[in-house]
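J.: My structure is stored as target-v2.csv, with CSV, C-alpha atoms and all ligand atoms.
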chain,number,residue,atom,x,y,z
A,1,MET,CA,79.4,89.5,78.7
A,2,ARG,CA,80.1,92.1,76.0
A,3,VAL,CA,77.8,92.5,73.0
A,4,ALA,CA,80.6,91.5,70.6
A,5,GLU,CA,81.0,88.1,72.2
A,6,VAL,CA,77.4,87.0,72.1
A,7,ASN,CA,75.5,84.9,69.7
A,8,GLN,CA,74.0,87.5,67.3
A,9,GLU,CA,71.8,85.0,65.3
A,10,ASP,CA,68.2,86.3,65.2
A,11,LEU,CA,66.4,83.6,67.2
A,12,LYS,CA,63.2,85.6,67.6
A,13,PRO,CA,61.4,83.4,65.0
A,14,PHE,CA,62.8,80.3,66.7
A,15,ILE,CA,61.5,81.4,70.1
A,16,ALA,CA,58.1,82.4,68.7
A,17,GLY,CA,57.5,78.8,67.5
A,18,LEU,CA,59.2,77.1,70.4
A,19,PRO,CA,56.6,75.0,72.3
A,20,LYS,CA,56.9,75.8,76.0
A,21,ALA,CA,55.4,75.8,79.5
A,22,GLU,CA,55.1,78.8,81.6
A,23,LEU,CA,55.6,78.0,85.3
A,24,HIS,CA,55.8,81.4,87.0
A,25,MET,CA,53.2,84.0,86.5
A,26,HIS,CA,50.8,85.8,88.8
A,27,ILE,CA,47.4,86.1,87.3
A,28,GLU,CA,46.8,89.4,89.0
A,29,GLY,CA,50.1,90.5,87.4
A,30,SER,CA,48.7,90.1,83.9
A,31,LEU,CA,46.2,93.0,84.6
A,32,GLU,CA,47.0,95.4,81.8
A,33,PRO,CA,46.2,99.1,82.6
A,34,GLU,CA,43.5,99.1,79.9
A,35,MET,CA,41.7,96.3,81.6
A,36,MET,CA,42.4,97.9,85.0
A,37,PHE,CA,40.5,101.1,83.8
A,38,ALA,CA,37.7,99.1,82.3
A,39,LEU,CA,37.1,97.1,85.4
A,40,ALA,CA,37.4,100.2,87.7
A,41,GLU,CA,34.6,101.7,85.7
A,42,ARG,CA,32.5,98.6,85.7
A,43,ASN,CA,32.9,98.3,89.5
A,44,GLY,CA,32.9,101.9,90.5
A,45,VAL,CA,36.5,101.7,91.9
A,46,ASP,CA,38.6,104.9,92.2
A,47,LEU,CA,42.1,104.6,90.8
A,48,SER,CA,45.0,106.9,91.9
A,49,PHE,CA,46.1,107.3,88.2
A,50,LYS,CA,44.2,109.4,85.7
A,51,SER,CA,45.0,107.4,82.6
A,52,VAL,CA,46.4,104.3,81.1
A,53,GLU,CA,49.5,106.2,80.0
A,54,GLU,CA,50.1,107.7,83.5
A,55,THR,CA,49.7,104.2,85.0
A,56,ARG,CA,52.3,102.7,82.7
A,57,ALA,CA,54.7,105.6,83.2
A,58,ALA,CA,54.6,104.9,87.0
A,59,TYR,CA,55.9,101.3,86.5
A,60,ASN,CA,59.5,102.2,87.4
A,61,PHE,CA,60.4,100.2,90.5
A,62,GLY,CA,63.5,100.6,92.7
A,63,CYS,CA,62.8,97.3,94.5
A,64,LEU,CA,60.2,94.6,95.0
A,65,GLN,CA,58.2,96.6,97.6
A,66,GLU,CA,57.7,99.5,95.3
A,67,PHE,CA,56.2,97.1,92.7
A,68,LEU,CA,54.1,95.4,95.4
A,69,ASP,CA,52.5,98.8,96.5
A,70,LEU,CA,51.2,99.3,93.0
A,71,PHE,CA,50.3,95.7,92.4
A,72,PHE,CA,48.1,95.6,95.5
A,73,GLN,CA,46.4,98.8,94.4
A,74,GLY,CA,45.8,97.4,90.9
A,75,MET,CA,44.1,94.2,92.0
A,76,ALA,CA,41.5,96.2,93.9
A,77,VAL,CA,39.5,96.5,90.6
A,78,LEU,CA,38.9,92.7,90.5
A,79,CYS,CA,35.5,92.2,92.2
A,80,SER,CA,33.2,89.7,90.3
A,81,GLU,CA,33.5,86.3,88.9
A,82,GLN,CA,33.4,87.8,85.4
A,83,ASP,CA,36.4,90.1,86.3
A,84,PHE,CA,38.5,87.1,87.2
A,85,TYR,CA,37.3,85.3,84.1
A,86,ASP,CA,38.2,88.2,81.8
A,87,LEU,CA,41.6,88.6,83.4
A,88,THR,CA,42.5,84.9,83.1
A,89,TRP,CA,41.1,84.5,79.6
A,90,ALA,CA,43.1,87.5,78.4
A,91,TYR,CA,46.3,85.9,79.8
A,92,PHE,CA,45.5,82.6,78.0
A,93,LYS,CA,44.9,84.3,74.7
A,94,ARG,CA,48.3,86.1,75.0
A,95,ALA,CA,50.0,82.9,76.1
A,96,HIS,CA,48.6,81.0,73.1
A,97,ALA,CA,50.1,83.6,70.8
A,98,ASP,CA,53.5,82.8,72.5
A,99,ASN,CA,53.1,79.0,71.8
A,100,VAL,CA,52.6,78.2,75.5
A,101,ARG,CA,51.3,74.7,75.7
A,102,HIS,CA,50.9,74.5,79.5
A,103,ALA,CA,50.6,77.3,82.1
A,104,GLU,CA,50.9,77.1,85.9
A,105,LYS,CA,49.5,80.3,87.4
A,106,PHE,CA,49.7,81.8,90.8
A,107,PHE,CA,46.9,83.7,92.5
A,108,ASP,CA,46.9,85.7,95.7
A,109,PRO,CA,43.7,84.8,97.6
A,110,GLN,CA,44.5,87.1,100.6
A,111,GLY,CA,44.6,90.1,98.2
A,112,HIS,CA,40.9,89.4,97.5
A,113,THR,CA,39.5,88.0,100.7
A,114,CYS,CA,40.9,91.0,102.6
A,115,ARG,CA,38.7,93.2,100.5
A,116,GLY,CA,35.6,91.2,101.1
A,117,ILE,CA,35.7,89.2,97.9
A,118,ASP,CA,34.7,85.5,98.5
A,119,PHE,CA,37.3,82.8,97.7
A,120,GLU,CA,34.6,81.1,95.6
A,121,THR,CA,34.1,84.2,93.4
A,122,VAL,CA,37.8,84.3,92.6
A,123,LEU,CA,38.0,80.5,92.0
A,124,ARG,CA,34.9,80.2,89.8
A,125,GLY,CA,36.1,82.9,87.4
A,126,ILE,CA,39.6,81.5,87.1
A,127,GLN,CA,38.4,77.9,86.7
A,128,GLN,CA,35.9,78.7,84.0
A,129,ALA,CA,38.7,80.5,82.0
A,130,ARG,CA,41.0,77.5,82.5
A,131,ALA,CA,38.3,75.1,81.2
A,132,ASP,CA,37.6,77.4,78.1
A,133,ALA,CA,41.4,77.8,77.4
A,134,GLU,CA,41.8,74.0,77.4
A,135,ARG,CA,38.9,73.5,75.1
A,136,GLU,CA,39.3,76.4,72.7
A,137,LEU,CA,43.0,77.0,72.7
A,138,GLY,CA,44.4,73.6,73.7
A,139,ILE,CA,46.4,75.1,76.7
A,140,THR,CA,46.4,72.9,79.8
A,141,SER,CA,47.0,74.7,83.1
A,142,GLU,CA,47.3,74.4,86.9
A,143,LEU,CA,46.5,76.8,89.6
A,144,ILE,CA,48.7,77.6,92.6
A,145,MET,CA,47.6,79.5,95.7
A,146,CYS,CA,50.2,81.9,97.1
A,147,PHE,CA,50.4,83.2,100.7
A,148,TRP,CA,51.6,86.7,101.3
A,149,ARG,CA,54.7,86.3,103.4
A,150,HIS,CA,54.4,89.7,105.1
A,151,LEU,CA,51.2,88.4,106.7
A,152,SER,CA,51.2,85.9,109.6
A,153,GLU,CA,51.4,82.2,109.3
A,154,GLU,CA,48.1,82.1,111.1
A,155,ASP,CA,46.6,84.1,108.2
A,156,ALA,CA,48.1,81.6,105.7
A,157,CYS,CA,46.5,78.7,107.8
A,158,LYS,CA,43.1,80.4,107.6
A,159,THR,CA,43.5,80.7,103.8
A,160,LEU,CA,44.4,77.0,103.5
A,161,GLU,CA,41.2,76.2,105.4
A,162,LEU,CA,39.2,78.5,103.1
A,163,ALA,CA,40.6,76.6,100.1
A,164,LYS,CA,39.4,73.2,101.4
A,165,PRO,CA,36.2,73.0,99.3
A,166,PHE,CA,38.2,73.9,96.2
A,167,ARG,CA,41.1,71.5,96.9
A,168,GLU,CA,40.7,69.6,93.6
A,169,GLY,CA,41.1,72.7,91.5
A,170,ILE,CA,44.3,73.9,93.2
A,171,VAL,CA,47.5,71.9,92.5
A,172,GLY,CA,49.8,73.6,95.0
A,173,ILE,CA,50.7,76.4,97.3
A,174,GLY,CA,53.4,79.1,97.0
A,175,LEU,CA,54.9,82.0,98.9
A,176,ASP,CA,55.2,85.5,97.5
A,177,ALA,CA,55.3,89.3,98.3
A,178,ALA,CA,58.0,90.8,100.5
A,179,GLU,CA,60.8,88.3,100.9
A,180,GLN,CA,63.3,90.2,103.0
A,181,ASP,CA,62.9,89.5,106.7
A,182,ASN,CA,60.1,87.0,105.9
A,183,PRO,CA,62.1,83.7,105.7
A,184,PRO,CA,60.6,80.4,104.6
A,185,ARG,CA,60.9,79.1,108.2
A,186,LYS,CA,58.0,81.5,109.2
A,187,PHE,CA,55.7,79.2,107.2
A,188,ALA,CA,57.0,75.7,108.1
A,189,SER,CA,53.9,74.6,109.9
A,190,VAL,CA,51.4,75.7,107.2
A,191,TYR,CA,53.6,74.0,104.5
A,192,LYS,CA,53.5,70.8,106.6
A,193,GLN,CA,49.7,70.9,106.7
A,194,ALA,CA,49.5,71.6,103.0
A,195,ARG,CA,51.9,68.7,102.3
A,196,GLU,CA,49.7,66.4,104.3
A,197,GLN,CA,46.7,67.5,102.2
A,198,GLY,CA,48.6,66.5,99.1
A,199,TYR,CA,49.4,70.0,97.7
A,200,ARG,CA,52.5,70.5,95.6
A,201,LEU,CA,54.8,73.0,97.2
A,202,LEU,CA,56.6,76.1,95.8
A,203,ALA,CA,58.1,79.2,97.3
A,204,HIS,CA,59.6,82.4,95.9
A,205,ALA,CA,63.2,82.4,97.3
A,206,GLY,CA,66.5,84.1,96.5
A,207,GLU,CA,64.8,86.9,94.6
A,208,GLU,CA,65.7,89.7,97.0
A,209,GLY,CA,66.5,87.3,99.8
A,210,PRO,CA,69.8,85.4,100.4
A,211,ALA,CA,70.8,81.9,99.2
A,212,SER,CA,70.0,80.6,102.8
A,213,TYR,CA,66.3,81.3,102.0
A,214,VAL,CA,66.6,79.0,99.0
A,215,GLU,CA,68.1,76.3,101.2
A,216,GLU,CA,65.4,76.8,103.9
A,217,ALA,CA,62.6,76.5,101.3
A,218,ILE,CA,64.1,73.2,100.2
A,219,ASP,CA,65.0,71.7,103.6
A,220,LEU,CA,62.2,73.1,105.8
A,221,LEU,CA,59.3,73.7,103.5
A,222,LYS,CA,60.3,70.7,101.2
A,223,VAL,CA,59.4,72.6,98.0
A,224,ASP,CA,59.1,70.9,94.6
A,225,ARG,CA,60.4,74.0,92.8
A,226,ILE,CA,62.0,77.3,93.6
A,227,ASP,CA,60.5,80.5,92.2
A,228,HIS,CA,63.3,82.9,91.1
A,229,GLY,CA,66.3,81.4,93.0
A,230,ASN,CA,68.8,83.9,91.6
A,231,ALA,CA,70.7,84.1,94.9
A,232,THR,CA,71.6,80.3,94.7
A,233,LEU,CA,74.8,81.1,92.8
A,234,ASP,CA,76.1,83.0,95.9
A,235,ASP,CA,76.5,79.6,97.6
A,236,PRO,CA,78.6,77.2,95.5
A,237,GLU,CA,77.8,74.2,97.7
A,238,LEU,CA,74.1,74.8,97.4
A,239,THR,CA,74.5,75.4,93.6
A,240,ARG,CA,76.2,72.0,93.3
A,241,ARG,CA,73.6,70.3,95.4
A,242,ILE,CA,70.5,71.6,93.7
A,243,ALA,CA,72.0,71.1,90.2
A,244,GLY,CA,72.6,67.5,91.2
A,245,GLU,CA,69.1,67.1,92.6
A,246,GLY,CA,67.5,68.7,89.5
A,247,THR,CA,65.5,71.3,91.4
A,248,VAL,CA,63.7,73.5,88.8
A,249,LEU,CA,64.1,77.2,89.2
A,250,THR,CA,61.5,79.5,87.6
A,251,VAL,CA,63.6,82.5,86.5
A,252,CYS,CA,61.9,85.8,85.4
A,253,PRO,CA,64.5,87.9,83.5
A,254,LEU,CA,62.4,91.1,82.8
A,255,SER,CA,61.0,91.1,86.3
A,256,ASN,CA,64.6,90.9,87.7
A,257,VAL,CA,65.7,93.9,85.8
A,258,LYS,CA,62.5,95.9,86.5
A,259,LEU,CA,62.8,95.2,90.2
A,260,ALA,CA,66.5,95.9,90.3
A,261,VAL,CA,67.4,92.3,91.3
A,262,VAL,CA,69.8,92.5,88.3
A,263,ASP,CA,71.1,95.9,87.2
A,264,GLU,CA,71.2,95.2,83.4
A,265,MET,CA,70.1,92.3,81.3
A,266,HIS,CA,73.5,91.5,80.0
A,267,ARG,CA,74.5,90.8,83.6
A,268,HIS,CA,71.6,88.5,84.2
A,269,PRO,CA,72.9,85.2,85.8
A,270,LEU,CA,70.7,82.9,83.7
A,271,LYS,CA,73.6,81.7,81.4
A,272,THR,CA,75.8,81.1,84.4
A,273,MET,CA,73.0,79.2,86.1
A,274,LEU,CA,72.8,77.0,83.0
A,275,GLU,CA,76.6,76.5,82.9
A,276,HIS,CA,76.4,75.3,86.5
A,277,GLY,CA,73.8,72.7,85.5
A,278,LEU,CA,70.9,74.3,87.2
A,279,ALA,CA,67.5,73.4,85.8
A,280,VAL,CA,66.3,76.9,84.9
A,281,THR,CA,63.2,78.0,83.1
A,282,VAL,CA,62.1,81.4,81.7
A,283,ASN,CA,58.9,83.0,82.8
A,284,SER,CA,57.1,86.4,82.8
A,285,ASP,CA,56.2,86.8,86.5
A,286,ASP,CA,53.9,89.9,86.2
A,287,PRO,CA,53.8,90.6,82.5
A,288,ALA,CA,51.6,93.7,82.6
A,289,TYR,CA,54.0,95.4,85.1
A,290,PHE,CA,57.3,94.2,83.8
A,291,GLY,CA,57.0,94.9,80.1
A,292,GLY,CA,56.6,91.6,78.5
A,293,TYR,CA,55.1,88.1,78.2
A,294,VAL,CA,57.0,84.9,78.2
A,295,ASN,CA,58.5,85.2,74.7
A,296,ASP,CA,59.6,88.7,75.4
A,297,ASN,CA,61.5,87.3,78.3
A,298,TYR,CA,63.1,84.5,76.2
A,299,VAL,CA,64.1,87.1,73.5
A,300,ALA,CA,65.5,89.6,76.1
A,301,VAL,CA,67.9,87.1,77.7
A,302,GLN,CA,68.7,85.4,74.4
A,303,GLN,CA,69.8,88.7,72.9
A,304,ALA,CA,71.6,90.0,76.0
A,305,LEU,CA,73.4,86.8,76.8
A,306,GLY,CA,73.8,85.3,73.4
A,307,LEU,CA,71.9,82.1,74.3
A,308,THR,CA,72.2,79.4,71.7
A,309,VAL,CA,69.5,77.1,70.1
A,310,ASP,CA,70.8,74.3,72.4
A,311,GLU,CA,70.4,76.5,75.5
A,312,LEU,CA,66.9,77.6,74.6
A,313,HIS,CA,66.0,74.0,73.9
A,314,ARG,CA,67.3,73.0,77.3
A,315,ILE,CA,65.3,75.8,79.0
A,316,ALA,CA,62.1,74.7,77.2
A,317,ARG,CA,62.7,71.1,78.1
A,318,ASN,CA,63.1,72.1,81.8
A,319,SER,CA,59.8,73.9,81.6
A,320,PHE,CA,58.0,70.7,80.7
A,321,ASN,CA,60.0,68.5,83.0
A,322,GLY,CA,59.4,70.9,85.9
A,323,ALA,CA,55.6,71.1,85.3
A,324,PHE,CA,53.0,69.3,87.3
A,325,LEU,CA,52.0,67.2,84.3
A,326,ASP,CA,51.7,63.4,84.2
A,327,GLU,CA,54.5,61.4,82.5
A,328,TYR,CA,52.5,60.8,79.3
A,329,ALA,CA,51.7,64.5,78.9
A,330,LYS,CA,55.3,65.4,79.6
A,331,ALA,CA,56.6,62.9,77.1
A,332,ALA,CA,54.2,64.2,74.4
A,333,HIS,CA,55.3,67.8,74.9
A,334,LEU,CA,59.0,66.9,74.9
A,335,ASP,CA,58.6,64.9,71.7
A,336,GLU,CA,56.9,67.9,70.0
A,337,LEU,CA,59.6,70.2,71.3
A,338,ASP,CA,62.5,68.0,70.2
A,339,ALA,CA,60.9,67.6,66.7
A,340,TYR,CA,60.5,71.4,66.4
A,341,VAL,CA,64.1,72.0,67.3
A,342,ALA,CA,65.3,69.2,64.9
A,343,THR,CA,63.2,70.8,62.1
A,344,TYR,CA,64.6,74.2,62.8
A,345,ARG,CA,68.2,72.9,62.5
B,1,LIG,N1,58.0,88.5,94.0
B,1,LIG,C1,57.3,88.4,95.1
B,1,LIG,N2,56.0,88.5,95.1
B,1,LIG,C2,55.3,88.8,93.9
B,1,LIG,C3,56.0,88.9,92.8
B,1,LIG,C4,57.4,88.7,92.8
B,1,LIG,O1,58.1,88.8,91.7
B,1,LIG,N3,55.1,89.1,91.8
B,1,LIG,C5,53.9,89.1,92.4
B,1,LIG,N4,54.0,88.9,93.7
B,2,ZN,ZN,56.6,85.9,91.2
Represent the supplied structure as structure tokens.
T.:
Amino acid sequence: MRVAEVNQEDLKPFIAGLPKAELHMHIEGSLEPEMMFALAERNGVDLSFKSVEETRAAYNFGCLQEFLDLFFQGMAVLCSEQDFYDLTWAYFKRAHADNVRHAEKFFDPQGHTCRGIDFETVLRGIQQARADAERELGITSELIMCFWRHLSEEDACKTLELAKPFREGIVGIGLDAAEQDNPPRKFASVYKQAREQGYRLLAHAGEEGPASYVEEAIDLLKVDRIDHGNATLDDPELTRRIAGEGTVLTVCPLSNVKLAVVDEMHRHPLKTMLEHGLAVTVNSDDPAYFGGYVNDNYVAVQQALGLTVDELHRIARNSFNGAFLDEYAKAAHLDELDAYVATYR
């Protein structure tokens, strides 16, 4: 869409005050370079970059794998319970400033256990920050454990086993890291086990991978939501089907541009997805690496695609409807949201 055609109304203040849920962010992806250097010093970890500025300057990615290489290096500074607490608390403070009312966060246990960090250390730090955020900031949250899809299904099964003592504090499982050549079907058996244990199910699909991976995630893994899902539009039949079924897609606009999934923001498929009736949400993915938190993502797509107040309202409604909240909490958030939009008008 050309700039002249888009809605030029300044909706930044509207977005700033919009109550919303964030459903797709990786807690390790909110590690800002400043904290990375502070934790490296605290823990005596060597970093390959000399400064915060040099680190930020390296955040130019040609594809998902180039990002993952730096993301894996960055998380190596996270060692103690306090580190995980500090990281998670910093995210909540930032999310609070963006009027996030509820946040569902991924973490990558294999990225920590493979370095000799106990599952319990990671969990205790994150859970303490979640409790403090609910009490002090009024933000509710859920935690989702992701499996790295370039590793084996056996490794994912071992991680599911490690999580057993912490089952109550983890709402669901997800699938992330290198999508290409690692189809959802590779993890069908671990997803079946997780389903039997009562976990909610998610998977990154259709980010760099094809629409058939989205379909596999739904039909074989039986996911409750799709993370990203951009490739869905390549398959009109699938698009009609999941629009009809109301499957929520957690779209991450700045991530998509940074990882070259979309070449320019004004060609982002989000508006087309809305026009096809897909239940899309807007999220930050890895805000420290992709140049912005959730409101920056809303503003970027709003400005590039000329999204209207109605469309932003729909996106925020989808974020609460797609969250793992009980019906009472959902209704309360939706009432607050609808009242906000009505007042704005
Ligand atoms: N895609 C896949 N894996 C990830 C991502 C992503 O956008 N962010 C962190 N791990
Ligand atoms: Zn992601």
J.: Could you pull the residues within 10 Å of A:Thr272, counting only C-alpha atoms, minus those fewer than 5 positions along the same chain, as a ChimeraX atom specification?
T.: /A:233,267,277-278,305
J.: Would you mind exporting the chosen residues as a short mmCIF file (atom, residue, chain, number, x, y, z; two decimals), in the frame of the given file, restricted to C-alpha atoms?
T.:
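What landed in again.cif:
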data_model
loop_
_atom_site.label_atom_id
_atom_site.label_comp_id
_atom_site.auth_asym_id
_atom_site.auth_seq_id
_atom_site.Cartn_x
_atom_site.Cartn_y
_atom_site.Cartn_z
CA LEU A 233 74.80 81.10 92.80
CA ARG A 267 74.50 90.80 83.60
CA GLY A 277 73.80 72.70 85.50
CA LEU A 278 70.90 74.30 87.20
CA LEU A 305 73.40 86.80 76.80
#
J.: Rank nothing, just name the residue among A:Glu9, A:Asp285, A:Glu104, A:Asp335 nearest to ligand ZN 2 (chain B), using all atoms listed in the file.
T.: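 Checking each of A:Glu9, A:Asp285, A:Glu104, A:Asp335 against ligand ZN 2 (chain B), counting all atoms listed in the file, the winner is A:Asp285.
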J.: Collect all residues with atoms no farther than 8 Å from ligand LIG 1 (chain B), counting only C-alpha atoms and all ligand atoms, and output them as a PyMOL selection string.
T.: chain A and resi 25-26+28-29+64+68+71+148+175-179+204+207+228+252+255-256+285-286
J.: With all atoms listed in the file as the basis for distance, which of A:Pro165, A:Pro210, A:Pro13, A:Pro287 is at the shortest distance from ligand ZN 2 (chain B)?
T.: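 Closest candidate: A:Pro287.
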J.: I need the residue nearest A:Asn295 from this list: A:Glu81, A:Glu53, A:Asp98, A:Glu336. Use all atoms listed in the file for the distance.
T.: A:Asp98
J.: Atom CA of A:Ala316 and atom CA of A:Gly138 are how many Å apart?
T.: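 Atom CA of A:Ala316 sits 18.1 Å away from atom CA of A:Gly138.
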J.: Have a look at A:Val190, A:Ile27, A:Val262, A:Ile170 and name the one nearest to A:Phe147; count only C-alpha atoms.
T.: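 Using only C-alpha atoms, the shortest distance to A:Phe147 belongs to A:Val190.
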J.: Take the point (57.3, 72.1, 80.0) in the file's coordinates, draw a sphere of radius 12 Å around it, and report as a ChimeraX atom specification every protein, DNA or RNA residue with an atom inside or on it, counting all atoms listed in the file.
T.: /A:18-24,99-104,139-141,248,250,279-283,313-327,329-338
J.: For a quick check of understanding, using all atoms listed in the file, which of A:Lys186, A:Lys192, A:Arg56, A:Arg42 has the smallest distance to A:Arg149?
T.: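 Smallest distance to A:Arg149 is found for A:Lys186.
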J.: Which of these residues is nearest to A:Asp227, using only C-alpha atoms: A:Asn182, A:Gln302, A:Gln73, A:Thr247?
T.: A:Thr247
J.: Mind pulling up the distance from atom CA of A:Val341 to atom CA of A:Thr308?
T.: 11.8 Å
J.: List as number ranges by chain the protein and nucleic acid residues near A:Tyr213, meaning an atom at most 10 Å away when only C-alpha atoms are counted, but skip any in the same chain fewer than 3 places from it.
T.: A: 179-180, 182-185, 203-210, 216-220, 229, 231-232
J.: What does the distance between atom CA of A:Val309 and atom CA of A:Val214 come to in Å, to one decimal place?
T.: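 Rounded to one decimal, the two atoms are 29.1 Å apart.
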J.: Give me stretch 72-80 of chain A with all heavy atoms filled in, as a PDB file, keeping the file's coordinate frame.
T.:
ATOM      1  N   PHE A  72      49.254  95.762  94.590  1.00  0.00           N
ATOM      2  CA  PHE A  72      48.100  95.600  95.500  1.00  0.00           C
ATOM      3  C   PHE A  72      47.005  96.584  95.177  1.00  0.00           C
ATOM      4  O   PHE A  72      45.832  96.231  95.216  1.00  0.00           O
ATOM      5  CB  PHE A  72      48.590  95.868  96.986  1.00  0.00           C
ATOM      6  CG  PHE A  72      49.603  94.868  97.521  1.00  0.00           C
ATOM      7  CD1 PHE A  72      50.335  95.159  98.676  1.00  0.00           C
ATOM      8  CD2 PHE A  72      49.829  93.661  96.888  1.00  0.00           C
ATOM      9  CE1 PHE A  72      51.271  94.242  99.177  1.00  0.00           C
ATOM     10  CE2 PHE A  72      50.760  92.744  97.373  1.00  0.00           C
ATOM     11  CZ  PHE A  72      51.485  93.038  98.520  1.00  0.00           C
ATOM     12  N   GLN A  73      47.373  97.810  94.796  1.00  0.00           N
ATOM     13  CA  GLN A  73      46.400  98.800  94.400  1.00  0.00           C
ATOM     14  C   GLN A  73      45.612  98.337  93.142  1.00  0.00           C
ATOM     15  O   GLN A  73      44.391  98.432  93.052  1.00  0.00           O
ATOM     16  CB  GLN A  73      47.031 100.113  93.994  1.00  0.00           C
ATOM     17  CG  GLN A  73      47.289 101.074  95.120  1.00  0.00           C
ATOM     18  CD  GLN A  73      47.914 102.363  94.537  1.00  0.00           C
ATOM     19  OE1 GLN A  73      47.467 102.898  93.516  1.00  0.00           O
ATOM     20  NE2 GLN A  73      48.957 102.845  95.195  1.00  0.00           N
ATOM     21  N   GLY A  74      46.374  97.827  92.168  1.00  0.00           N
ATOM     22  CA  GLY A  74      45.800  97.400  90.900  1.00  0.00           C
ATOM     23  C   GLY A  74      44.750  96.327  91.071  1.00  0.00           C
ATOM     24  O   GLY A  74      43.664  96.370  90.488  1.00  0.00           O
ATOM     25  N   MET A  75      45.057  95.335  91.919  1.00  0.00           N
ATOM     26  CA  MET A  75      44.100  94.200  92.000  1.00  0.00           C
ATOM     27  C   MET A  75      42.817  94.533  92.667  1.00  0.00           C
ATOM     28  O   MET A  75      41.867  93.761  92.613  1.00  0.00           O
ATOM     29  CB  MET A  75      44.822  92.988  92.679  1.00  0.00           C
ATOM     30  CG  MET A  75      45.103  93.119  94.143  1.00  0.00           C
ATOM     31  SD  MET A  75      45.655  91.532  94.812  1.00  0.00           S
ATOM     32  CE  MET A  75      47.306  91.447  94.189  1.00  0.00           C
ATOM     33  N   ALA A  76      42.725  95.749  93.235  1.00  0.00           N
ATOM     34  CA  ALA A  76      41.500  96.200  93.900  1.00  0.00           C
ATOM     35  C   ALA A  76      40.321  96.373  92.902  1.00  0.00           C
ATOM     36  O   ALA A  76      39.175  96.505  93.315  1.00  0.00           O
ATOM     37  CB  ALA A  76      41.711  97.443  94.696  1.00  0.00           C
ATOM     38  N   VAL A  77      40.614  96.382  91.598  1.00  0.00           N
ATOM     39  CA  VAL A  77      39.500  96.500  90.600  1.00  0.00           C
ATOM     40  C   VAL A  77      38.856  95.170  90.328  1.00  0.00           C
ATOM     41  O   VAL A  77      37.819  95.112  89.655  1.00  0.00           O
ATOM     42  CB  VAL A  77      39.984  97.153  89.283  1.00  0.00           C
ATOM     43  CG1 VAL A  77      40.638  98.510  89.520  1.00  0.00           C
ATOM     44  CG2 VAL A  77      40.929  96.231  88.519  1.00  0.00           C
ATOM     45  N   LEU A  78      39.450  94.085  90.799  1.00  0.00           N
ATOM     46  CA  LEU A  78      38.900  92.700  90.500  1.00  0.00           C
ATOM     47  C   LEU A  78      37.879  92.388  91.582  1.00  0.00           C
ATOM     48  O   LEU A  78      38.223  92.184  92.756  1.00  0.00           O
ATOM     49  CB  LEU A  78      40.061  91.712  90.568  1.00  0.00           C
ATOM     50  CG  LEU A  78      41.156  91.888  89.514  1.00  0.00           C
ATOM     51  CD1 LEU A  78      42.409  91.114  89.889  1.00  0.00           C
ATOM     52  CD2 LEU A  78      40.648  91.442  88.137  1.00  0.00           C
ATOM     53  N   CYS A  79      36.610  92.355  91.179  1.00  0.00           N
ATOM     54  CA  CYS A  79      35.500  92.200  92.200  1.00  0.00           C
ATOM     55  C   CYS A  79      34.648  90.948  91.869  1.00  0.00           C
ATOM     56  O   CYS A  79      34.319  90.189  92.772  1.00  0.00           O
ATOM     57  CB  CYS A  79      34.670  93.410  92.233  1.00  0.00           C
ATOM     58  SG  CYS A  79      35.598  94.882  92.695  1.00  0.00           S
ATOM     59  N   SER A  80      34.235  90.780  90.624  1.00  0.00           N
ATOM     60  CA  SER A  80      33.200  89.700  90.300  1.00  0.00           C
ATOM     61  C   SER A  80      33.879  88.533  89.673  1.00  0.00           C
ATOM     62  O   SER A  80      35.009  88.594  89.179  1.00  0.00           O
ATOM     63  CB  SER A  80      32.162  90.319  89.405  1.00  0.00           C
ATOM     64  OG  SER A  80      32.750  90.585  88.140  1.00  0.00           O
TER      65      SER A  80
END
